[in-house]
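*Asks:* Structure in structure tokens, see below.
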Amino acid sequence: MTAEILSFETGRPAELADGEPALVVDVEGYEGPLDLLLALARQQKVDLAKISILALADQYLQFIEAARKIRLELAADYLVMAAWLAFLKSRLLLPEPATPDGPSAEEMATALANRLRRLEAIREASNRLMNRPQLQRDIFPRGDPETIAEIRHPRFTATLFDLLTAYAAQRQQRVLASVHLAKRTVWSLSEARASLERLVGMAEDWSCLDEYLMSYVVDPSQRATVFASSFAAALELVREGEMELNQKAAFAPLYFRKRPPQPSGAMSDLPVE
Amino acid sequence: MASLAEKRKDDAEEAPADPQARPEELRLLEALLFASTEPLDQGALAKRMPDGVDIKAALAQLQAEYATRGVNLVRIANKWTFRTAGDLAWLMTRETTETRRLSRAAIEVLAIIAYHQPVTRAEIEEIRGVITSKGTLDVLLETGWIRPRGRRKTPGRPLTFGTTEAFLSQFSLEALSDLPGLEELKGTGLLDSRLPTGFSVPTPSDDPALREDEDPLEIGDLELALAPAVEPESDDKS
Amino acid sequence: MASLAEKRKDDAEEAPADPQARPEELRLLEALLFASTEPLDQGALAKRMPDGVDIKAALAQLQAEYATRGVNLVRIANKWTFRTAGDLAWLMTRETTETRRLSRAAIEVLAIIAYHQPVTRAEIEEIRGVITSKGTLDVLLETGWIRPRGRRKTPGRPLTFGTTEAFLSQFSLEALSDLPGLEELKGTGLLDSRLPTGFSVPTPSDDPALREDEDPLEIGDLELALAPAVEPESDDKS
């Protein structure tokens with residue numbers, strides 16, 4: 001991470017001088033130890049294939065020393081490379097052991113040279129790539145393209161089954177819907193009570209509740225709900241002392257009447273239970 | 001830049017013709033007009049072109065050169081631009097067919113039109129118990145399965161709708177009378193067998209002859225019926 | 001539109017040439033290619049052209065016809081499109097809308113991806129000898145010139161990157177084999193596996209078919225690769 005923004009106060013690599021400055025933002029500093037090595041190698045002005053890795057290692061180590069003297073913070077990458085180069089240098093200077101395990105010093109040096117060559121090659125390639133005619137910079141597409149109008153032909157799908165199901169469902173639904181509406185005309189307690197109060201007002205003597213209810217209810221389907229609500233309301237009215245109910249036996253017709261005006265002292269004998 | 005020059009040489013090698021055979025200003029004009037995002041007037045072109053070029057003459061020449069091509073140099077409000085040739089407009093359209101399912105509302109309305117035709121919008125709503133959005137009828141008209149067939153002789157003279165031959169072919173019906181009646185619908189279980197006694201299903205007919213209570217369509221009725229809905233969003237609701 | 005059509009008639013009158021003098025298929029191809037925003041491949045063109053036209057021959061003829069013009073017919077990744085001639089860059093500079101300026105790091109990474117693809121981030125870092133910041137890859141992904149194309153069948157299953165058609169288009173490359181200096185690079189063996197650093201990709205390829213050592217991307221990989229940098233501030237950049 002830090003490597004890319006690391007900046008050294010040193011000469012810039014020669015190869016960059018004639019690069020494409022317009023496209024290079026990070027011309028200051030080096031992009032890591034390989035980049036630095038490459039820059040130092042370019043100063044040797046020889047073919048990278050023939051470069052003296054030993055001399056290069058020396059240069060690099062001197063550079064690092066100089067940087068340390070001015071207390072420049074160095075990214076770890078650079079120090080690792082310095083350590084590796086110091087090691088390589090010692091290997092190159094010492095005679096090769098008889099049975100080397102791992103690559104020889106020469107092989108290591110060649111590998112490093114190859115890496116540098118490869119980095120340089122990719123840089124040249126990237127320069128050439130960037131110098132190619134670029135779209136919107138050197139060559140241009142049609143500036144005002146004409147849109148190709150899309151004419152959509154919808155193809156609708158529906159089956160006879162869909163059609164019949166839809167027809168049957170909605171016709172049926174309408175019929176059922178009216179039943180539905182009827183069901184919703186459930187008498188509320190207060191509605192029933194209001195009607196009964198009206199009825200009771202007319203019924204001075206014992207009357208059969210059913211008669212009243214049936215004369216009131218037009219639709220036979222409403223009979224149950226009207227009956228239930230009315231009965232509940234009647235009980236309520238009895239409890240409040242507005243009305244009296246009378247039934248001879250279980251399931252016998254219910255009779256009711258407006259409660260006759262009571263002498264004020266006779267209140268207690270009213271509730272039978 | 002060096003590679004650019006190279007590139008051009010390559011091109012030149014590929015092409016047998018000699019680039020010099022054609023006046024350079026025509027090439028420049030071509031490139032400028034091609035790349036521009038908007039038509040350019042003579043002044044704008046002159047500013048970009050080398051001095052001493054007779055822009056007007058060059059444009060005339062370019063226009064003549066391109067007149068026979070699939071792309072023409074045209075002048076629009078005194079500005080110049082390339083446009084595909086007008087006779088190739090057909091090429092500039094892509095026709096696609098997309099399969100669309102009818103909304104439930106549309107199928108319901110279609111079914112009512114099929115059974116109850118000739119039927120007005122108000123009658124459809126009466127049967128369905130909900131308002132029919134304009135979009136629903138528009139979609140049905142777009143299918144080509146229904147058509148406005150006349151006007152009811154009632155106040156407001158509402159359009160009456162009926163089904164078309166395309167409807168029959170879509171639903172593989174030989175005739176509209178092949179639509180199942182009440183008993184058949186009950187038999188298939190689509191209709192509840194306990195429906196009230198008054199319940200009936202009409203015997204549908206798409207006889208194009210107008211009914212007694214129908215007037216013929218007037219000029220413009222078709223356009224009216226096919227006019228796009230005001231709110232396109234309302235198509236699919238319900 | 002009406003005025004355009006009128007205009008065309010006027011043009012036709014002005015132009016003495018007979019539109020029929022030029023093979024119709026060339027006119028059609030011209031129109032299609034001029035109008036399109038995207039390069040079109042032979043298949044797409046064939047679909048729009050009348051049957052029996054030798055598209056390949058017609059394209060070759062058209063390319064030759066336009067080779068000397070300010071607008072050339074070019075092929076990019078087997079797709080055809082008109083572009084202004086490369087040698088007219090000097091004229092067109094003013095058309096330039098602010099082109100993206102890539103950092104040196106980004107350019108290098110792009111080049112490595114182009115020449116070594118499919119390549120993993122670790123391999124890019126191996127070549128450059130430095131960590132690649134997330135931002136650099138993000139910038140490149142944002143250009144649309146590179147794409148994550150798979151996962152390498154190695155421990156950690158790292159993403160592999162490659163270039164896109166937009167990359168070819170950007171740098172006027174007909175195919176990846178047109179990359180500048182590719183032959184020299186191959187010649188030096190720098191793209192070769194003989195390098196001790198273990199590169200195993202002798203020839204770059206943007207063939208979308210995965211290599212033997214690549215697995216397909218998994219769901220979410222694209223989002224991963226395109227995810228904004230960790231720092232929330234950088235979300236709004238560009």
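Order determines the names: the first chain of the structure tokens is A, the second B, and so forth; residues in each chain are numbered 1 upward, and ligands are numbered 1 upward as they are shown.
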As a list in words, which residues of region 23-202 of chain C does DSSP assign to strand (DSSP E)?

*Replies:*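 Put together, the selection reads Leu40, Asp41, Val71, Asn72, Leu73, Val74, Arg75, Ile76, Lys79, Trp80, Thr81, Phe82, Arg83, Thr84, Val119, Thr120, Ile146, Arg147, Pro148, Arg149, Gly150, Arg151, Arg152, Leu159, Thr160, Phe161, Gly162 and Thr163 of chain C.
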
*Asks:* Taking a cut-off of 7 Å and counting only C-alpha atoms, can you build a table that, for each residue of chain A near chain C, reports the nearest atom pair and how far apart they are in Å (one decimal), sorted by chain then residue number, as CSV?

*Replies:*
residue,atom,partner,partner_atom,distance
A:Met1,CA,C:Ser133,CA,5.7
A:Ala3,CA,C:Val130,CA,6.8
A:Leu23,CA,C:Arg101,CA,5.5
A:Val24,CA,C:Arg104,CA,4.9
A:Val25,CA,C:Ser103,CA,4.8
A:Asp26,CA,C:Arg104,CA,5.8
A:Glu31,CA,C:Val130,CA,6.8
A:Gly32,CA,C:Val130,CA,5.2
A:Pro33,CA,C:Gly129,CA,6.8
A:Leu34,CA,C:Gly129,CA,5.4
A:Ala111,CA,C:Pro196,CA,6.2
A:Arg115,CA,C:Ile127,CA,7.0
A:Arg118,CA,C:Leu190,CA,5.7
A:Leu119,CA,C:Ile127,CA,6.2
A:Ile122,CA,C:Ile112,CA,6.5
A:Arg123,CA,C:Glu108,CA,6.4
A:Ala125,CA,C:Gly181,CA,6.3
A:Ser126,CA,C:Ala111,CA,5.1
A:Arg128,CA,C:Pro180,CA,6.3
A:Leu129,CA,C:Pro180,CA,6.3
A:Arg132,CA,C:Phe171,CA,5.9
A:Pro133,CA,C:Phe171,CA,6.1
A:Gln134,CA,C:Phe171,CA,4.9
A:Leu135,CA,C:Gln170,CA,4.7
A:Gln136,CA,C:Thr96,CA,6.0
A:Arg137,CA,C:Thr96,CA,5.6
A:Asp138,CA,C:Ala89,CA,4.3
A:Ile139,CA,C:Thr84,CA,5.2
A:Phe140,CA,C:Thr84,CA,5.2
A:Pro141,CA,C:Arg83,CA,4.8
A:Arg142,CA,C:Phe34,CA,6.8
A:Pro145,CA,C:Ala35,CA,5.0
A:Glu146,CA,C:Ala35,CA,4.6
A:Thr147,CA,C:Ala35,CA,6.6

*Asks:* Could you take the residues named above and write them with C-alpha atoms, as a PDB file, in the first residue's frame?

*Replies:*
ATOM      1  CA  MET A   1       0.000   0.000   0.000  1.00  0.00           C
ATOM      2  CA  ALA A   3       4.895   1.522  -1.678  1.00  0.00           C
ATOM      3  CA  LEU A  23      -1.078   9.910 -18.693  1.00  0.00           C
ATOM      4  CA  VAL A  24       1.347   9.506 -15.829  1.00  0.00           C
ATOM      5  CA  VAL A  25       0.108  10.822 -12.572  1.00  0.00           C
ATOM      6  CA  ASP A  26       2.582   9.269 -10.184  1.00  0.00           C
ATOM      7  CA  GLU A  31       6.597   1.966  -7.282  1.00  0.00           C
ATOM      8  CA  GLY A  32       8.393  -0.466  -5.069  1.00  0.00           C
ATOM      9  CA  PRO A  33      11.889  -1.904  -4.903  1.00  0.00           C
ATOM     10  CA  LEU A  34      11.770  -3.499  -8.359  1.00  0.00           C
ATOM     11  CA  ALA A 111      16.269 -14.466 -12.123  1.00  0.00           C
ATOM     12  CA  ARG A 115      12.343  -9.868 -13.493  1.00  0.00           C
ATOM     13  CA  ARG A 118      10.074  -8.302 -17.692  1.00  0.00           C
ATOM     14  CA  LEU A 119       9.015  -5.231 -15.755  1.00  0.00           C
ATOM     15  CA  ILE A 122       5.643  -4.545 -19.675  1.00  0.00           C
ATOM     16  CA  ARG A 123       6.334  -0.832 -19.219  1.00  0.00           C
ATOM     17  CA  ALA A 125       4.222  -2.401 -23.779  1.00  0.00           C
ATOM     18  CA  SER A 126       2.024  -0.190 -21.653  1.00  0.00           C
ATOM     19  CA  ARG A 128       2.857   1.571 -26.664  1.00  0.00           C
ATOM     20  CA  LEU A 129      -0.626   0.612 -25.626  1.00  0.00           C
ATOM     21  CA  ARG A 132      -2.418   3.725 -29.627  1.00  0.00           C
ATOM     22  CA  PRO A 133      -5.254   5.759 -31.010  1.00  0.00           C
ATOM     23  CA  GLN A 134      -7.731   5.815 -28.198  1.00  0.00           C
ATOM     24  CA  LEU A 135     -11.451   6.007 -28.397  1.00  0.00           C
ATOM     25  CA  GLN A 136     -12.836   9.417 -27.476  1.00  0.00           C
ATOM     26  CA  ARG A 137      -9.328  10.832 -27.536  1.00  0.00           C
ATOM     27  CA  ASP A 138      -8.093  10.216 -31.059  1.00  0.00           C
ATOM     28  CA  ILE A 139     -10.880   8.443 -32.792  1.00  0.00           C
ATOM     29  CA  PHE A 140     -14.551   8.820 -32.293  1.00  0.00           C
ATOM     30  CA  PRO A 141     -17.698   6.849 -32.701  1.00  0.00           C
ATOM     31  CA  ARG A 142     -20.848   8.312 -34.188  1.00  0.00           C
ATOM     32  CA  PRO A 145     -26.347   7.695 -33.022  1.00  0.00           C
ATOM     33  CA  GLU A 146     -29.836   7.084 -34.215  1.00  0.00           C
ATOM     34  CA  THR A 147     -31.842   4.896 -31.994  1.00  0.00           C
TER      35      THR A 147
END

*Asks:* Write out as a ChimeraX atom specification every residue belonging to chain C that has an atom at most 6 Å from any atom of chain B, counting only C-alpha atoms.

*Replies:* /C:15,19,27-28,30-31,64,67-71,84,87

*Asks:* Among the residues of region 49-135 of chain C, find those DSSP assigns to helix (DSSP H, G or I) from the backbone and print them as number ranges by chain.

*Replies:* C: 55-66, 86-95, 104-116, 121-128, 134-135

*Asks:* Fewer than 2 positions away in the same chain doesn't count, so skip those; otherwise give me all residues within 10 Å of Arg149 (chain B), counting only C-alpha atoms, as a list of chain:residue names.

*Replies:*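 Returned residues: B:Gln117, B:Pro118, B:Val119, B:Ile146, B:Arg147, B:Arg151, B:Arg152, B:Leu159, B:Thr160, B:Phe161, B:Gly162, B:Thr163, B:Thr164, B:Asp206, B:Pro208, B:Ala209, B:Leu210, B:Glu214, B:Asp215, B:Pro216, B:Leu217, B:Asp221, B:Leu222.
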
*Asks:* Using only C-alpha atoms, which residues sit within 12 Å of Lys89 (chain A) once same-chain residues fewer than 5 positions away are excluded, as a list of chain:residue names?

*Replies:*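 My list of contacting residues is A:Ser52, A:Ile53, A:Leu54, A:Ala55, A:Leu56, A:Ala57, A:Asp58, A:Gln59, A:Tyr60, A:Leu61, A:Met81, A:Ala82, A:Ala83, A:Trp84, A:Leu94, A:Pro95, A:Ala105, A:Glu106, A:Met108, A:Ala109.
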
*Asks:* Write out, as a PDB file, in the first residue's frame, the residues just selected, with N, CA, C and O atoms.

*Replies:*
ATOM      1  N   SER A  52      25.283  -5.889 -14.647  1.00  0.00           N
ATOM      2  CA  SER A  52      25.993  -6.468 -13.503  1.00  0.00           C
ATOM      3  C   SER A  52      25.105  -6.380 -12.275  1.00  0.00           C
ATOM      4  O   SER A  52      24.851  -5.301 -11.746  1.00  0.00           O
ATOM      5  N   ILE A  53      24.619  -7.526 -11.890  1.00  0.00           N
ATOM      6  CA  ILE A  53      23.733  -7.555 -10.724  1.00  0.00           C
ATOM      7  C   ILE A  53      24.507  -7.141  -9.476  1.00  0.00           C
ATOM      8  O   ILE A  53      23.978  -6.491  -8.577  1.00  0.00           O
ATOM      9  N   LEU A  54      25.776  -7.478  -9.482  1.00  0.00           N
ATOM     10  CA  LEU A  54      26.597  -7.122  -8.323  1.00  0.00           C
ATOM     11  C   LEU A  54      26.667  -5.606  -8.160  1.00  0.00           C
ATOM     12  O   LEU A  54      26.434  -5.072  -7.071  1.00  0.00           O
ATOM     13  N   ALA A  55      26.937  -4.936  -9.266  1.00  0.00           N
ATOM     14  CA  ALA A  55      27.009  -3.473  -9.226  1.00  0.00           C
ATOM     15  C   ALA A  55      25.663  -2.892  -8.846  1.00  0.00           C
ATOM     16  O   ALA A  55      25.563  -1.919  -8.089  1.00  0.00           O
ATOM     17  N   LEU A  56      24.616  -3.509  -9.389  1.00  0.00           N
ATOM     18  CA  LEU A  56      23.253  -3.028  -9.117  1.00  0.00           C
ATOM     19  C   LEU A  56      22.922  -3.156  -7.637  1.00  0.00           C
ATOM     20  O   LEU A  56      22.363  -2.242  -7.023  1.00  0.00           O
ATOM     21  N   ALA A  57      23.318  -4.307  -7.085  1.00  0.00           N
ATOM     22  CA  ALA A  57      23.071  -4.534  -5.662  1.00  0.00           C
ATOM     23  C   ALA A  57      23.780  -3.464  -4.843  1.00  0.00           C
ATOM     24  O   ALA A  57      23.217  -2.912  -3.891  1.00  0.00           O
ATOM     25  N   ASP A  58      25.005  -3.162  -5.238  1.00  0.00           N
ATOM     26  CA  ASP A  58      25.765  -2.123  -4.527  1.00  0.00           C
ATOM     27  C   ASP A  58      25.042  -0.789  -4.570  1.00  0.00           C
ATOM     28  O   ASP A  58      24.895  -0.110  -3.560  1.00  0.00           O
ATOM     29  N   GLN A  59      24.605  -0.451  -5.754  1.00  0.00           N
ATOM     30  CA  GLN A  59      23.922   0.836  -5.929  1.00  0.00           C
ATOM     31  C   GLN A  59      22.680   0.914  -5.057  1.00  0.00           C
ATOM     32  O   GLN A  59      22.403   1.909  -4.405  1.00  0.00           O
ATOM     33  N   TYR A  60      21.935  -0.176  -5.081  1.00  0.00           N
ATOM     34  CA  TYR A  60      20.698  -0.225  -4.315  1.00  0.00           C
ATOM     35  C   TYR A  60      20.993  -0.052  -2.834  1.00  0.00           C
ATOM     36  O   TYR A  60      20.342   0.736  -2.135  1.00  0.00           O
ATOM     37  N   LEU A  61      22.026  -0.794  -2.366  1.00  0.00           N
ATOM     38  CA  LEU A  61      22.345  -0.731  -0.942  1.00  0.00           C
ATOM     39  C   LEU A  61      22.820   0.660  -0.554  1.00  0.00           C
ATOM     40  O   LEU A  61      22.484   1.169   0.518  1.00  0.00           O
ATOM     41  N   MET A  81      14.154  -6.125   0.216  1.00  0.00           N
ATOM     42  CA  MET A  81      14.944  -6.216  -1.007  1.00  0.00           C
ATOM     43  C   MET A  81      16.413  -5.943  -0.699  1.00  0.00           C
ATOM     44  O   MET A  81      17.311  -6.627  -1.221  1.00  0.00           O
ATOM     45  N   ALA A  82      16.671  -4.968   0.173  1.00  0.00           N
ATOM     46  CA  ALA A  82      18.052  -4.640   0.547  1.00  0.00           C
ATOM     47  C   ALA A  82      18.714  -5.850   1.206  1.00  0.00           C
ATOM     48  O   ALA A  82      19.853  -6.224   0.868  1.00  0.00           O
ATOM     49  N   ALA A  83      17.986  -6.480   2.115  1.00  0.00           N
ATOM     50  CA  ALA A  83      18.529  -7.653   2.802  1.00  0.00           C
ATOM     51  C   ALA A  83      18.828  -8.763   1.806  1.00  0.00           C
ATOM     52  O   ALA A  83      19.888  -9.399   1.849  1.00  0.00           O
ATOM     53  N   TRP A  84      17.877  -8.951   0.880  1.00  0.00           N
ATOM     54  CA  TRP A  84      18.037 -10.025  -0.103  1.00  0.00           C
ATOM     55  C   TRP A  84      19.242  -9.734  -1.004  1.00  0.00           C
ATOM     56  O   TRP A  84      20.028 -10.616  -1.321  1.00  0.00           O
ATOM     57  N   LEU A  94      31.369 -14.903  -2.737  1.00  0.00           N
ATOM     58  CA  LEU A  94      31.977 -16.108  -2.177  1.00  0.00           C
ATOM     59  C   LEU A  94      31.992 -17.214  -3.217  1.00  0.00           C
ATOM     60  O   LEU A  94      31.123 -17.253  -4.090  1.00  0.00           O
ATOM     61  N   PRO A  95      32.979 -18.107  -3.137  1.00  0.00           N
ATOM     62  CA  PRO A  95      32.969 -19.257  -4.047  1.00  0.00           C
ATOM     63  C   PRO A  95      31.756 -20.148  -3.763  1.00  0.00           C
ATOM     64  O   PRO A  95      31.300 -20.269  -2.620  1.00  0.00           O
ATOM     65  N   ALA A 105      23.976 -18.784  -6.863  1.00  0.00           N
ATOM     66  CA  ALA A 105      23.971 -17.322  -6.825  1.00  0.00           C
ATOM     67  C   ALA A 105      23.774 -16.763  -8.228  1.00  0.00           C
ATOM     68  O   ALA A 105      23.053 -15.784  -8.430  1.00  0.00           O
ATOM     69  N   GLU A 106      24.410 -17.431  -9.215  1.00  0.00           N
ATOM     70  CA  GLU A 106      24.269 -16.980 -10.606  1.00  0.00           C
ATOM     71  C   GLU A 106      22.819 -17.068 -11.072  1.00  0.00           C
ATOM     72  O   GLU A 106      22.286 -16.169 -11.715  1.00  0.00           O
ATOM     73  N   MET A 108      20.209 -16.993  -9.174  1.00  0.00           N
ATOM     74  CA  MET A 108      19.428 -15.965  -8.482  1.00  0.00           C
ATOM     75  C   MET A 108      19.614 -14.619  -9.149  1.00  0.00           C
ATOM     76  O   MET A 108      18.658 -13.840  -9.331  1.00  0.00           O
ATOM     77  N   ALA A 109      20.847 -14.347  -9.546  1.00  0.00           N
ATOM     78  CA  ALA A 109      21.131 -13.068 -10.211  1.00  0.00           C
ATOM     79  C   ALA A 109      20.406 -13.000 -11.544  1.00  0.00           C
ATOM     80  O   ALA A 109      19.824 -11.964 -11.914  1.00  0.00           O
TER      81      ALA A 109
END
